Each structure stands twice: as structure tokens, then as C-alpha cells.
Amino acid sequence: MPASARPSARTSRSWSRSTGRCRWRRATAPRACCACRRGASSWASSSGASCCSSRTVCARAPEPPGGRALFLAYARGYPPRPMTEIAQPDRIAKLEELRKQGIDPFPARGVEARPIHAVLAGLGTSAEPGPLAGESVTLAGRMLNLRDFGKLIFFPLLDRSGRIQVGLQRDKLTEWWPRRKLLDGGDQVAIRGVLGHTQKGEPTIWATEVRLLAKAVAAPPEKWHGMTDKELRYRRRYVDLWASEGVREVFEKRSAVLSTIRRCLEEQNYLEVETPTLHPIAGGAAARPFVTHHNALGVELFLRIAPELYLKRLIVGGLERVFEVSRNFRNEGLSPRHNPEFTMLELYEAQADYRRMMQLVEILFERCARAVNGTTQITFRGKRYDLRPPYQVVSYTELFREQQGFAYDDEPRLRARAAELGLDPATERWKLMDQVFESKVGDALEGPVFLSDYPVEICPLAKQKPENPRLAERFEVFVAGMELGNAFSELNDPFEQARRFEEQVATKDPEAPGEVDWDYVQALEYGMPPAGGLGIGIDRLVMLLTGAETIRDVLLFPTMKPLPRGAAEDPQAEE
RNA sequence: GGGCGCGUAGCUCAGUCGGUAGAGCAACUGGCUUUUAACCAGUAGGUCGAAGGUUCGAUCCCUUCCGCGCUCACCA
């Protein structure tokens with residue numbers, strides 16, 4: 001948005017708090033300029049209702065912030081306080097006109113309305129009318145895109161379930177007809193009317209009664225292009241949700257994914273739990289945390305980067321099968337696949353191991369795909385995938401050798417390769433190995449595929465393979481080059497766990513925890529049964545299932561840089 | 001942080017090889033009872049992101065800045 005479209009902070013100071021009105025107005029005298037009290041008027045407007053005895057404004061009047069149109073609206077005495085830059089003076093003027101006619105533009109009560117989708121289903125087609133054809137019903141929603149024929153007006157009415165065309169006819173709406181101009185696209189209305197079709201067969205409700213439920217003083221987006229500014233779509237998701245095609249569906253699908261997962265896990269006798277978001281030690285993953293502070297306790301706390309260590313405490317606690325839909329926070333850069341806060345499903349199951357976790361991934365992915373799309377077939381970035389199990393299993397170390405031409409633990413060749421890739425040579429060896437690996441392999445994993453048996457060094461919380469202690473019982477699941485999940489047989493040896501924690505802390509890596517989580521080690525000392533654990537990135541799974549190419553498209557309110565002060569700012573905030 | 005790109009009417013965008021700007025939609029006025037991006041006629045609406053420089057003259061050229069996007073880096 002161009003900066004000029006935003007009101008400056010000065011706008012709000014143009015208002016008198018004591019009268020609640022524009023100070024320009026009080027100086028008004030008939031035929032004189034509202035703003036400077038000089039007599040002449042070179043850009044006086046000649047039409048529209050006015051509560052000012054004169055709306056004339058001379059060319060020498062100081063140019064008001066927000067432009068002349070907004071200034072004129074202020075000069076009329078309203079809005080009662082300054083509005084954001086998107087409030088339209090003409091619409092604001094209609095508020096007053098409505099009140100004059102005894103109509104509350106923001107009534108307290110709504111109406112009992114039927115879902116439009118259900119009404120459409122019952123209405124049938126003009127060739128084959130359904131049981132609701134000719135019936136009178138009440139609908140409620142947002143009206144858009146008016147088409148005015150003089151004695152007939154059409155507009156679509158939207159509710160969450162769908163949209164239907166409304167027809168207003170002069171002959172059928174005697175009471176409301178004179179007020180039709182007070183309605184605008186974007187308004188919330190209730191329509192009572194008779195269901196039928198137009199000559200072209202368009203399902204239509206012919207209104208017999210109209211009730212304004214809430215006036216929209218901000219105009220909806222341009223009707224043909226809609227909201228095209230991506231940033232604006234994310235910032236004003238409340239508009240995007242009804243103004244852009246398919247947006248609401250994405251979030252309905254997201255909801256379906258979560259409820260499917262819950263149902264699925266409950267069927268497997270899992271318990272849904274909630275563990276802390278405020279952590280004294282940021283553990284359970286390698287990531288930089290957000291830091292916050294608790295005043296009363298006088299301590300530094302971290303927003304959780306993963307719920308893992310708490311959930312495993314619950315396995316020690318005997319809850320046996322637990323899961324959490326966890327919002328995690330990582331202080332990292334943004335990308336099409338990374339948002340600073342993201343949702344992860346984590347689950348832990350006693351007596352299970354990572355092979356059982358593979359099975360769970362397959363169950364969950366298949367069920368979610370069917371729930372959302374009715375099929376396991378998906379298309380992502382133009383390529384087709386099938387989420388039907390079983391998924392291929394590929395060994396990390398073998399794939400490493402295959403792709404790179406040398407073994408994962410061949411340090412000299414690893415360093416040479418890292419140098420070729422321009423990686424920071426100071427990076428810790430195992431991290432370097434993973435970076436080298438991902439440079440080639442990560443995106444190439446079309447999948448669905450389980451990449452399994454990682455070098456133990458990059459799996460501080462996973463159990464070693466009994467037959468090869470250099471490898472960990474861990475897998476990540478990839479589809480379309482995206483890492484969707486991560487699982488392992490959980491390490492439950494407190495001594496080994498303590499050793500790995502200390503090793504991690506010693507690296508001083510900003511992504512490693514700052515101190516050993518001794519309380520967690522102590523929990524393991526009480527004995528944790530063998531267990532499998534799994535994390536699934538819900539945002540990425542939803543991306544995959546909806547074909548969204550960026551994580552922002554599956555987050556209702558993705559993290560955005562705050563707007564500069566003064567933009568769409570609440571004028572009250574200045575006081 | 002590096003690279004590329006964008007910023008013109010409320011919205012979506014043209015345009016000016018340097019002479020202070022146009023269209024469609026939205027708004028307003030008039031017409032129209034079956035449209036659906038309705039249509040027809042008219043009106044109004046812009047410090048061309050900001051500041052500086054070059055120039056007789058800058059929205060256009062140059063510099064800097066601001067904002068945003070894409071991308072690289074960063075990010076198990």
C-alpha cells in the first residue's frame with residue numbers, strides 16, 4: 001500500500017475529545033469555508049446530506065491529512081472519531097442517514113438463518129425444483145457486488161457455507177425499497193424471501209424483507225481482481241477469507257486434518273495433553289528460542305521450541321500414549337516453509353519403537369488425505385504423489401554414500417565437499433555432514449519415503465540401533481522434498497542422555513540448549529519404558545494436502561513485520 | 001545481510017524517449033424488472049512512495065532513504 005494512503009498520526013489530533021467532533025466544524029458559518037472561515041469556495045461540493053450548515057471549503061484551507069474526501073466527512077460532524085484509511089466517507093454518511101430513519105446500523109441481535117449451502121441443496125434447479133422451491137426462508141451473510149437495474153437489484157449473499165443470489169424487486173419490497181441506496185457491497189444483512197430461479201436458471205432468493213445486520217464502512221476489494229496484494233491478504237485475512245477464492249476451504253481442510261488426527265489417535269487409545277509453552281530450558285530440538293521474562297518469578301523463560309521433553313516425562317509418568325498439538329516457536333528466518341511459530345503434532349507411545357511410528361505416520365497421512373481430499377492422490381507443485389501405504393524406507397547412510405560418493409563418516413572428503421558448497425568450515429562436523437547431505441538429498445526425496453537410521457551424533461534424543469550403535473533408530477518422512485515428520489525410538493538411558501546433553505551444551509552452539517535439563521535426566525532415572533516418539537509438522541502436512549506452496553497460505557495470520565507507526569493505528573492509542 | 005524487482009486515483013493497472021497524468025472497477029447523479037466482471041450516459045477523485053540533485057521545466061534521468069515482494073544466505 002502506498003504510504004500516502006495511510007493517515008498520518010496527525011489525523012487523530014484533529015479531533016476534539018471534549019466534543020467528540022471535528023474542530024473544523026464548530027467554526028462553521030453559513031456560506032463560509034469550514035476550515036479557514038474565509039468566505040470563498042472554489043472546491044465546494046454540491047451534493048449529499050450534511051449536518052453542517054455549510055460544507056463549503058475554500059482552496060486556501062489547510063490540506064487535511066487523509067485527503068479532501070475524508071476531510072469533508074469530518075466537516076459534516078462524523079465519524080464520531082477518526083477511522084482507518086479504508087473507511088469510506090460516503091458509507092459513513094449513510095450511517096447517519098440510517099439512524100435518522102430509525103434504523104440501527106449495528107443492531108444488537110442477529111437472526112436465525114439457514115445455511116445457504118443447505119438451502120441451495122433443497123432448492124434444486126429450475127428444471128427440477130427441490131422441496132424448498134417456492135418456500136420462504138431467512139438467510140444471513142455478507143452482500144457483495146450489487147447489480148442495479150432500477151426496479152430490480154441482484155447481489156450475491158455469502159455465508160460460511162456458500163453463496164446464493166438475492167433479488168430485490170421494487171414491487172415485492174415496498175417498505176425497504178426507498179432505502180436500497182443505503183446498502184453497500186460488504187454489508188452484513190439478513191434476507192427473508194422466497195426461493196426460486198431467474199430466467200437463466202440462477203438460484204435466487206426473492207426478498208420480501210431486508211434487515212441490515214451491520215454496516216460495512218470499509219469497501220470490499222475490487223470485485224474482479226479481488227485482493228491481489230499478498231501482504232495485504234495475510235494482514236487482512238478477515239477480508240481474504242471471503243474475498244478470495246478457496247481461502248476458507250484451506251482452513252476448513254486444516255481443521256479437518258486436526259480433527260482427523262485427534263479421532264485417529266483417540267481410536268488408538270491416545271490421551272491428548274497440554275504441556276507448558278514457557279520453558280526454563282529450551283530443549284527437545286536444535287533451534288534458537290524466543291526469550292521472555294516472568295516478572296514475579298524474576299526469571300528468564302523461553303517459548304518452547306518443542307514439547308518433546310515434557311511429553312516424555314508423561315511417559316515416565318505412566319500415561320503410556322500421549323499426544324499434543326503444540327505451537328512451537330523458533331527464532332529463525334522466514335521462508336516458504338518456515339514460520340517463527342508453527343504447529344506440530346508430537347506423540348509418544350510406550351512399548352513402541354520407531355517402526356511402530358512409521359506405521360502411525362502411514363495411518364495418519366492416509367486418513368488425513370482421505371478426509372481432506374477423498375483420495376490419497378495429491379498434486380503438489382505440478383507433481384503427483386500417492387500417500388497410500390506402505391512407504392519406501394531408505395537408509396540415511398546408504399543414501400549419503402550413493403549421492404555423495406563417499407561414506408558419511410569420511411571426514412576429509414566431507415570437508416572437501418563442504419568447501420565446494422561454500423559451507424562454513426568452522427561448523428561442527430556432524431552438522432556439516434547433515435548440511436552436505438541436505439544440499440543434495442533433501443529436495444530430491446519425492447516420496448513418500450522414510451529416511452531412516454541416522455548417524456547417532458545428530459540424534460541426541462534417539463536410541464542407538466542394538467546391532468549398530470553408531471546409528472540411531474530414527475527416521476524422517478519426506479514427501480515432495482518436504483520434511484514432514486521426524487521420529488525415533490526414544491533414548492531412555494539416563495546416563496547416556498546426560499552424556500549427550502553435556503556434549504551438546506559444550507558445543508556452545510546457539511541452537512543447542514544453554515544448560516543440561518537435569519530434571520529430565522532425573523525423570524529418566526525413575527525409569528521410562530521403551531517408547532517410540534513422532535513429530536509431524538502440521539503446517540507442512542496441510543500445505544501438501546491443499547497444494548499450498550507457502551506456509552503462509554495455511555496459517556490464518558502468518559508472522560508479519562509490524563506496520564510502521566501511524567498506519568491504520570487506533571487513534572485512541574495516542575491518549 | 002547480498003542480488004533482482006516493485007511503489008502512479010479507494011482497488012487493479014496503463015503511460016510519459018523530460019513539458020505536473022489515463023482506463024476499468026469502486027463512489028456519486030440519471031436511465032433500465034432476470035443480471036451475474038450487468039449495461040448506457042455523466043460527475044467527482046491523484047504532492048505519480050519520500051528527500052535531494054541535474055534541468056528553463058522532473059512522475060519520468062541520477063543519488064540517497066522508506067516500504068514491500070521474490071531470491072540467496074540463515075533455518076534438523
# chains A, B, ... in the order shown; residues from 1 in each chain; ligands from 1

call {"tool": "closest_atom_pairs", "arguments": {"of": "chain A", "to": "chain B", "cutoff": "6 Å", "atoms": "only C-alpha atoms (C1' of nucleotides)", "output": "JSON lines"}}
result
{"residue": "A:Pro2", "atom": "CA", "partner": "B:G49", "partner_atom": "C1'", "distance": 6.0}
{"residue": "A:Phe149", "atom": "CA", "partner": "B:C32", "partner_atom": "C1'", "distance": 5.5}
{"residue": "A:Gly150", "atom": "CA", "partner": "B:C32", "partner_atom": "C1'", "distance": 5.7}
{"residue": "A:Lys151", "atom": "CA", "partner": "B:U33", "partner_atom": "C1'", "distance": 5.5}
{"residue": "A:Leu152", "atom": "CA", "partner": "B:U33", "partner_atom": "C1'", "distance": 5.1}
{"residue": "A:Thr198", "atom": "CA", "partner": "B:U34", "partner_atom": "C1'", "distance": 5.4}
{"residue": "A:Gln199", "atom": "CA", "partner": "B:U34", "partner_atom": "C1'", "distance": 5.6}
{"residue": "A:Glu222", "atom": "CA", "partner": "B:C11", "partner_atom": "C1'", "distance": 5.0}
{"residue": "A:Trp224", "atom": "CA", "partner": "B:A37", "partner_atom": "C1'", "distance": 5.6}
{"residue": "A:Glu332", "atom": "CA", "partner": "B:C75", "partner_atom": "C1'", "distance": 5.7}
{"residue": "A:Gly333", "atom": "CA", "partner": "B:C75", "partner_atom": "C1'", "distance": 5.9}

call {"tool": "residues_around", "arguments": {"residues": "stretch 279-291 of chain A", "least_positions_apart": "4", "cutoff": "8 Å", "atoms": "only C-alpha atoms (C1' of nucleotides)", "output": "list in words"}}
result
Glu300, Leu301, Phe302, Leu303, Arg304, Ile305, Ala306, Pro307, Glu308, Leu309, Phe329, Arg330, Asn331, Glu332, Leu461, Pro510, Glu511, Ala512, Pro513, Gly514, Glu515 and Asp517 of chain A; A76 of chain B

call {"tool": "select_by_dssp", "arguments": {"residues": "stretch 103-246 of chain A", "states": "alpha helix (DSSP H)", "output": "list of chain:residue names"}}
result
A:Ile116, A:His117, A:Ala118, A:Val119, A:Leu120, A:Ala121, A:Gly122, A:Leu123, A:Lys230, A:Glu231, A:Leu232, A:Arg233, A:Tyr234, A:Arg235, A:Arg237, A:Tyr238, A:Val239, A:Asp240, A:Leu241, A:Trp242, A:Ala243

call {"tool": "write_last_selection", "arguments": {"atoms": "N, CA, C and O atoms", "output": "PDB file, in the first residue's frame"}}
result
ATOM      1  N   ILE A 116     -26.701 -21.313   3.733  1.00  0.00           N
ATOM      2  CA  ILE A 116     -27.021 -21.151   2.316  1.00  0.00           C
ATOM      3  C   ILE A 116     -26.808 -22.463   1.559  1.00  0.00           C
ATOM      4  O   ILE A 116     -27.608 -22.820   0.681  1.00  0.00           O
ATOM      5  N   HIS A 117     -25.780 -23.160   1.923  1.00  0.00           N
ATOM      6  CA  HIS A 117     -25.494 -24.417   1.235  1.00  0.00           C
ATOM      7  C   HIS A 117     -26.692 -25.370   1.302  1.00  0.00           C
ATOM      8  O   HIS A 117     -27.090 -25.969   0.299  1.00  0.00           O
ATOM      9  N   ALA A 118     -27.268 -25.467   2.504  1.00  0.00           N
ATOM     10  CA  ALA A 118     -28.397 -26.383   2.687  1.00  0.00           C
ATOM     11  C   ALA A 118     -29.616 -25.907   1.895  1.00  0.00           C
ATOM     12  O   ALA A 118     -30.355 -26.713   1.317  1.00  0.00           O
ATOM     13  N   VAL A 119     -29.805 -24.600   1.867  1.00  0.00           N
ATOM     14  CA  VAL A 119     -30.937 -24.051   1.128  1.00  0.00           C
ATOM     15  C   VAL A 119     -30.788 -24.335  -0.365  1.00  0.00           C
ATOM     16  O   VAL A 119     -31.745 -24.732  -1.042  1.00  0.00           O
ATOM     17  N   LEU A 120     -29.569 -24.145  -0.867  1.00  0.00           N
ATOM     18  CA  LEU A 120     -29.317 -24.412  -2.288  1.00  0.00           C
ATOM     19  C   LEU A 120     -29.609 -25.873  -2.620  1.00  0.00           C
ATOM     20  O   LEU A 120     -30.191 -26.185  -3.664  1.00  0.00           O
ATOM     21  N   ALA A 121     -29.201 -26.755  -1.706  1.00  0.00           N
ATOM     22  CA  ALA A 121     -29.415 -28.189  -1.947  1.00  0.00           C
ATOM     23  C   ALA A 121     -30.901 -28.495  -2.034  1.00  0.00           C
ATOM     24  O   ALA A 121     -31.328 -29.315  -2.851  1.00  0.00           O
ATOM     25  N   GLY A 122     -31.685 -27.815  -1.199  1.00  0.00           N
ATOM     26  CA  GLY A 122     -33.118 -28.082  -1.198  1.00  0.00           C
ATOM     27  C   GLY A 122     -33.866 -27.389  -2.319  1.00  0.00           C
ATOM     28  O   GLY A 122     -35.009 -27.732  -2.627  1.00  0.00           O
ATOM     29  N   LEU A 123     -33.210 -26.409  -2.913  1.00  0.00           N
ATOM     30  CA  LEU A 123     -33.899 -25.619  -3.939  1.00  0.00           C
ATOM     31  C   LEU A 123     -33.917 -26.314  -5.293  1.00  0.00           C
ATOM     32  O   LEU A 123     -34.865 -26.167  -6.065  1.00  0.00           O
ATOM     33  N   LYS A 230      -0.352  -9.804  -1.875  1.00  0.00           N
ATOM     34  CA  LYS A 230      -0.186 -10.934  -0.960  1.00  0.00           C
ATOM     35  C   LYS A 230      -0.057 -10.480   0.484  1.00  0.00           C
ATOM     36  O   LYS A 230      -0.630 -11.073   1.383  1.00  0.00           O
ATOM     37  N   GLU A 231       0.718  -9.444   0.664  1.00  0.00           N
ATOM     38  CA  GLU A 231       0.928  -8.977   2.023  1.00  0.00           C
ATOM     39  C   GLU A 231      -0.398  -8.564   2.649  1.00  0.00           C
ATOM     40  O   GLU A 231      -0.717  -8.905   3.779  1.00  0.00           O
ATOM     41  N   LEU A 232      -1.183  -7.833   1.870  1.00  0.00           N
ATOM     42  CA  LEU A 232      -2.474  -7.363   2.378  1.00  0.00           C
ATOM     43  C   LEU A 232      -3.389  -8.538   2.684  1.00  0.00           C
ATOM     44  O   LEU A 232      -4.165  -8.519   3.636  1.00  0.00           O
ATOM     45  N   ARG A 233      -3.288  -9.576   1.869  1.00  0.00           N
ATOM     46  CA  ARG A 233      -4.132 -10.754   2.117  1.00  0.00           C
ATOM     47  C   ARG A 233      -3.814 -11.369   3.463  1.00  0.00           C
ATOM     48  O   ARG A 233      -4.706 -11.796   4.195  1.00  0.00           O
ATOM     49  N   TYR A 234      -2.522 -11.429   3.802  1.00  0.00           N
ATOM     50  CA  TYR A 234      -2.165 -12.015   5.094  1.00  0.00           C
ATOM     51  C   TYR A 234      -2.517 -11.080   6.241  1.00  0.00           C
ATOM     52  O   TYR A 234      -2.991 -11.511   7.280  1.00  0.00           O
ATOM     53  N   ARG A 235      -2.284  -9.803   6.026  1.00  0.00           N
ATOM     54  CA  ARG A 235      -2.572  -8.855   7.098  1.00  0.00           C
ATOM     55  C   ARG A 235      -4.073  -8.733   7.329  1.00  0.00           C
ATOM     56  O   ARG A 235      -4.521  -8.539   8.447  1.00  0.00           O
ATOM     57  N   ARG A 237      -6.599 -10.961   6.720  1.00  0.00           N
ATOM     58  CA  ARG A 237      -7.171 -12.265   6.436  1.00  0.00           C
ATOM     59  C   ARG A 237      -8.687 -12.223   6.598  1.00  0.00           C
ATOM     60  O   ARG A 237      -9.413 -12.973   5.960  1.00  0.00           O
ATOM     61  N   TYR A 238      -9.158 -11.313   7.441  1.00  0.00           N
ATOM     62  CA  TYR A 238     -10.603 -11.203   7.644  1.00  0.00           C
ATOM     63  C   TYR A 238     -11.304 -10.765   6.370  1.00  0.00           C
ATOM     64  O   TYR A 238     -12.520 -10.888   6.269  1.00  0.00           O
ATOM     65  N   VAL A 239     -10.576 -10.216   5.443  1.00  0.00           N
ATOM     66  CA  VAL A 239     -11.159  -9.897   4.135  1.00  0.00           C
ATOM     67  C   VAL A 239     -10.876 -11.039   3.156  1.00  0.00           C
ATOM     68  O   VAL A 239     -11.757 -11.515   2.443  1.00  0.00           O
ATOM     69  N   ASP A 240      -9.639 -11.460   3.179  1.00  0.00           N
ATOM     70  CA  ASP A 240      -9.187 -12.514   2.271  1.00  0.00           C
ATOM     71  C   ASP A 240     -10.082 -13.752   2.360  1.00  0.00           C
ATOM     72  O   ASP A 240     -10.359 -14.402   1.351  1.00  0.00           O
ATOM     73  N   LEU A 241     -10.566 -14.047   3.554  1.00  0.00           N
ATOM     74  CA  LEU A 241     -11.339 -15.274   3.770  1.00  0.00           C
ATOM     75  C   LEU A 241     -12.622 -15.317   2.957  1.00  0.00           C
ATOM     76  O   LEU A 241     -13.088 -16.390   2.600  1.00  0.00           O
ATOM     77  N   TRP A 242     -13.197 -14.156   2.672  1.00  0.00           N
ATOM     78  CA  TRP A 242     -14.416 -14.188   1.854  1.00  0.00           C
ATOM     79  C   TRP A 242     -14.214 -13.552   0.485  1.00  0.00           C
ATOM     80  O   TRP A 242     -15.016 -13.746  -0.418  1.00  0.00           O
ATOM     81  N   ALA A 243     -13.116 -12.803   0.337  1.00  0.00           N
ATOM     82  CA  ALA A 243     -12.923 -12.097  -0.931  1.00  0.00           C
ATOM     83  C   ALA A 243     -12.074 -12.901  -1.912  1.00  0.00           C
ATOM     84  O   ALA A 243     -12.054 -12.593  -3.093  1.00  0.00           O
TER      85      ALA A 243
END

call {"tool": "atom_distance", "arguments": {"atom1": "atom CA of A:Ala140", "atom2": "atom CA of A:Asp187"}}
result
10.6 Å
